[in-house]
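What follows is one structure encoded as structure tokens, with my remarks underneath.
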Amino acid sequence: MSKLSRPERSSKSSRKGGHSPQGWRLRLHEIIFEADTPAGKLFDIALILAIILSVIAVMFDSVAEVREQHGRLLYVTEWFFTLLFTAEYALRIVSLGNPARYILSFYGLVDLIAILPTYLSLLVPGSQYLMVIRVLRLLRIFRVLKLAQYLNEAEYLLKALRASVRKISVFLFVVLTLVLIFGSLLYLIEGDESGFTSIGVACYWAITTLTTVGYGDISPQSPLGRAVASVIMILGYGVIAVPTGIVTAELVSPTTKRVSTQACTNCSAEGHSFDARYCKYCGVELNPE
């Protein structure tokens, strides 16, 4: 949304005790949190590339041969990205009027987790703790979660999943009921001779069969058992289709509200209505002069 199409500035004072950054901090917020300006788009693209490259570096670091040959380069690369994401995290905090809301938000915690492991590895002395350091370094994979905040379609997917929770819950309850029924039935039909040593084992077989995974470690041997298994296999195709159809129906349902790309200068919240003038979370005016 261009500056000309933004809602008219209001002189009404900010509510709920919030305040907006001024001057260079407002410009910094526009670049970091918003994507409707050339600078904001360039920042988002550069950050996405940095996240992807850092995750690739972590993946290469997990390969023993690569780590032995290029360990020094991977170490320097890791610190480069750590300092880069640390600077980004600090700039996000500085650009907000109420940084506490961002720090305690999901993306704020993800940003923090993305940089902490490298610093924590410096605080663990002694070679006996090398395995602990390696575990901490694996947490750097959380950087890939930072990509989610740059995908507008993720919001639609989350809304569709939330709207489908009750329907999918009922569906899963029906599936679990079928698993219990068919598992008990196969336990009675096959028994210990075919590997169905308990109802629990039979239910495990029913789950792998109903979900079309079919490990093959247990299988019915009698004609009646195979007939029941055939019915379960056919039902498995319906099991796959139903939840997919539920979520798809929610995704293609008509959207009644237009959502802007503006982020609150006070709490960094997004997802406001297209014509919103104030943040729906903290009440601070959006896009103040």
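Each chain in the structure tokens gets a letter, A, B and so on, in the order shown; residues start at 1 in every chain, and ligands are counted from 1 in the order they appear.
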
Please identify all polymer residues within 12 Å of stretch 223-226 of chain A, counting only C-alpha atoms, omitting same-chain residues fewer than 6 positions from it, and present them as a tab-separated table (two decimals) with N, CA and C atoms, in the first residue's frame.
```
chain	number	residue	atom	x	y	z
A	182	PHE	N	-11.50	-52.28	14.75
A	182	PHE	CA	-10.83	-53.21	13.84
A	182	PHE	C	-9.67	-53.93	14.51
A	183	GLY	N	-8.96	-53.23	15.40
A	183	GLY	CA	-7.86	-53.87	16.11
A	183	GLY	C	-8.36	-55.00	17.00
A	184	SER	N	-9.43	-54.73	17.72
A	184	SER	CA	-10.00	-55.78	18.57
A	184	SER	C	-10.52	-56.93	17.74
A	185	LEU	N	-11.12	-56.62	16.59
A	185	LEU	CA	-11.66	-57.66	15.73
A	185	LEU	C	-10.55	-58.56	15.19
A	186	LEU	N	-9.45	-57.95	14.74
A	186	LEU	CA	-8.34	-58.75	14.23
A	186	LEU	C	-7.66	-59.56	15.33
A	187	TYR	N	-7.65	-59.01	16.54
A	187	TYR	CA	-7.08	-59.77	17.67
A	187	TYR	C	-7.88	-61.03	17.92
A	188	LEU	N	-9.21	-60.94	17.81
A	188	LEU	CA	-10.07	-62.10	18.01
A	188	LEU	C	-9.93	-63.09	16.86
A	189	ILE	N	-9.77	-62.57	15.62
A	189	ILE	CA	-9.71	-63.45	14.46
A	189	ILE	C	-8.36	-64.14	14.33
A	190	GLU	N	-7.27	-63.38	14.49
A	190	GLU	CA	-5.94	-63.92	14.22
A	190	GLU	C	-5.28	-64.52	15.46
A	191	GLY	N	-5.26	-63.77	16.54
A	191	GLY	CA	-4.64	-64.28	17.76
A	191	GLY	C	-3.13	-64.26	17.72
A	194	SER	N	-0.56	-65.28	14.51
A	194	SER	CA	-0.21	-64.37	13.41
A	194	SER	C	0.51	-63.11	13.89
A	196	PHE	N	-0.59	-61.11	16.44
A	196	PHE	CA	-1.50	-60.20	17.14
A	196	PHE	C	-1.60	-60.64	18.60
A	202	ALA	N	-2.64	-55.17	17.90
A	202	ALA	CA	-3.61	-55.19	16.81
A	202	ALA	C	-4.02	-53.77	16.40
A	206	ALA	N	-3.73	-51.83	12.87
A	206	ALA	CA	-4.87	-51.15	12.27
A	206	ALA	C	-4.52	-49.72	11.87
A	209	THR	N	-2.32	-49.76	8.78
A	209	THR	CA	-3.10	-50.19	7.61
A	209	THR	C	-4.08	-49.10	7.19
A	232	ILE	N	-10.29	-52.36	5.64
A	232	ILE	CA	-9.54	-51.28	6.28
A	232	ILE	C	-8.69	-50.53	5.26
A	233	MET	N	-8.08	-51.24	4.34
A	233	MET	CA	-7.26	-50.60	3.31
A	233	MET	C	-8.08	-49.68	2.43
```

Problem set entry | A:Leu96 surroundings by only C-alpha atoms, 8 Å radius, close-in-sequence under 2 positions cut, as a list in words | Ser20, Pro21, Arg25, His29, Arg92, Ile93, Val94, Asn98, Pro99, Thr265, Asn266, Cys267 and Ser268 of chain A

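Minimum distance to A:Glu270 across A:Leu84, A:Ala35, A:Ile51, A:Leu161 (counting only C-alpha atoms) occurs at A:Ala35.
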
Exercise. Any idea what's packed within 8 Å of stretch 234-249 of chain A, counting only C-alpha atoms, ignoring anything in its chain fewer than 4 positions away? Could you give it as a ChimeraX atom specification?
Worked result: /A:160-161,164,167-168,171,175,209-212,230,253

Using backbone DSSP assignments, extract all helix (DSSP H, G or I) residues from stretch 157-222 of chain A; output them as a PDB file with C-alpha atoms, in the first residue's frame.
```
ATOM      1  CA  LEU A 157      -3.260 -21.249   6.224  1.00  0.00           C
ATOM      2  CA  LEU A 158      -3.289 -20.687   9.988  1.00  0.00           C
ATOM      3  CA  LYS A 159      -6.817 -19.293   9.841  1.00  0.00           C
ATOM      4  CA  ALA A 160      -7.974 -22.295   7.810  1.00  0.00           C
ATOM      5  CA  LEU A 161      -6.411 -24.702  10.299  1.00  0.00           C
ATOM      6  CA  ARG A 162      -7.999 -22.905  13.257  1.00  0.00           C
ATOM      7  CA  ALA A 163     -11.393 -22.984  11.563  1.00  0.00           C
ATOM      8  CA  VAL A 165      -9.911 -27.748  14.384  1.00  0.00           C
ATOM      9  CA  ARG A 166     -13.332 -28.931  15.600  1.00  0.00           C
ATOM     10  CA  LYS A 167     -14.145 -30.813  12.396  1.00  0.00           C
ATOM     11  CA  ILE A 168     -10.757 -32.504  12.304  1.00  0.00           C
ATOM     12  CA  SER A 169     -11.035 -33.363  16.020  1.00  0.00           C
ATOM     13  CA  VAL A 170     -14.355 -35.142  15.409  1.00  0.00           C
ATOM     14  CA  PHE A 171     -12.844 -36.902  12.393  1.00  0.00           C
ATOM     15  CA  LEU A 172      -9.831 -38.104  14.424  1.00  0.00           C
ATOM     16  CA  PHE A 173     -12.166 -39.377  17.137  1.00  0.00           C
ATOM     17  CA  VAL A 174     -14.004 -41.444  14.508  1.00  0.00           C
ATOM     18  CA  VAL A 175     -10.674 -42.771  13.166  1.00  0.00           C
ATOM     19  CA  LEU A 176      -9.529 -43.776  16.653  1.00  0.00           C
ATOM     20  CA  THR A 177     -12.850 -45.532  17.209  1.00  0.00           C
ATOM     21  CA  LEU A 178     -12.407 -47.465  13.962  1.00  0.00           C
ATOM     22  CA  VAL A 179      -8.858 -48.378  14.948  1.00  0.00           C
ATOM     23  CA  LEU A 180     -10.043 -49.756  18.281  1.00  0.00           C
ATOM     24  CA  ILE A 181     -12.887 -51.725  16.668  1.00  0.00           C
ATOM     25  CA  PHE A 182     -10.830 -53.207  13.841  1.00  0.00           C
ATOM     26  CA  GLY A 183      -7.865 -53.870  16.106  1.00  0.00           C
ATOM     27  CA  SER A 184     -10.004 -55.776  18.573  1.00  0.00           C
ATOM     28  CA  LEU A 185     -11.663 -57.663  15.727  1.00  0.00           C
ATOM     29  CA  LEU A 186      -8.336 -58.753  14.226  1.00  0.00           C
ATOM     30  CA  TYR A 187      -7.083 -59.767  17.665  1.00  0.00           C
ATOM     31  CA  LEU A 188     -10.066 -62.104  18.006  1.00  0.00           C
ATOM     32  CA  ILE A 189      -9.714 -63.449  14.456  1.00  0.00           C
ATOM     33  CA  GLU A 190      -5.936 -63.916  14.220  1.00  0.00           C
ATOM     34  CA  ASP A 192      -1.070 -64.923  18.829  1.00  0.00           C
ATOM     35  CA  GLU A 193      -0.304 -67.257  15.933  1.00  0.00           C
ATOM     36  CA  SER A 194      -0.212 -64.366  13.410  1.00  0.00           C
ATOM     37  CA  ILE A 199      -5.281 -55.559  21.427  1.00  0.00           C
ATOM     38  CA  GLY A 200      -2.585 -52.866  21.560  1.00  0.00           C
ATOM     39  CA  VAL A 201      -0.492 -54.633  18.919  1.00  0.00           C
ATOM     40  CA  ALA A 202      -3.606 -55.190  16.805  1.00  0.00           C
ATOM     41  CA  CYS A 203      -4.485 -51.476  17.075  1.00  0.00           C
ATOM     42  CA  TYR A 204      -0.947 -50.619  15.955  1.00  0.00           C
ATOM     43  CA  TRP A 205      -1.484 -52.806  12.882  1.00  0.00           C
ATOM     44  CA  ALA A 206      -4.875 -51.153  12.266  1.00  0.00           C
ATOM     45  CA  ILE A 207      -3.292 -47.680  12.380  1.00  0.00           C
ATOM     46  CA  THR A 208      -0.543 -48.564   9.897  1.00  0.00           C
ATOM     47  CA  THR A 209      -3.100 -50.186   7.610  1.00  0.00           C
ATOM     48  CA  LEU A 210      -5.758 -47.482   7.863  1.00  0.00           C
TER      49      LEU A 210
END
```

Exercise. With only C-alpha atoms as the atoms that count, which of A:Ala87, A:Val144, A:Ala276, A:Val76 lies nearest to A:Leu53?
Worked result: A:Val144
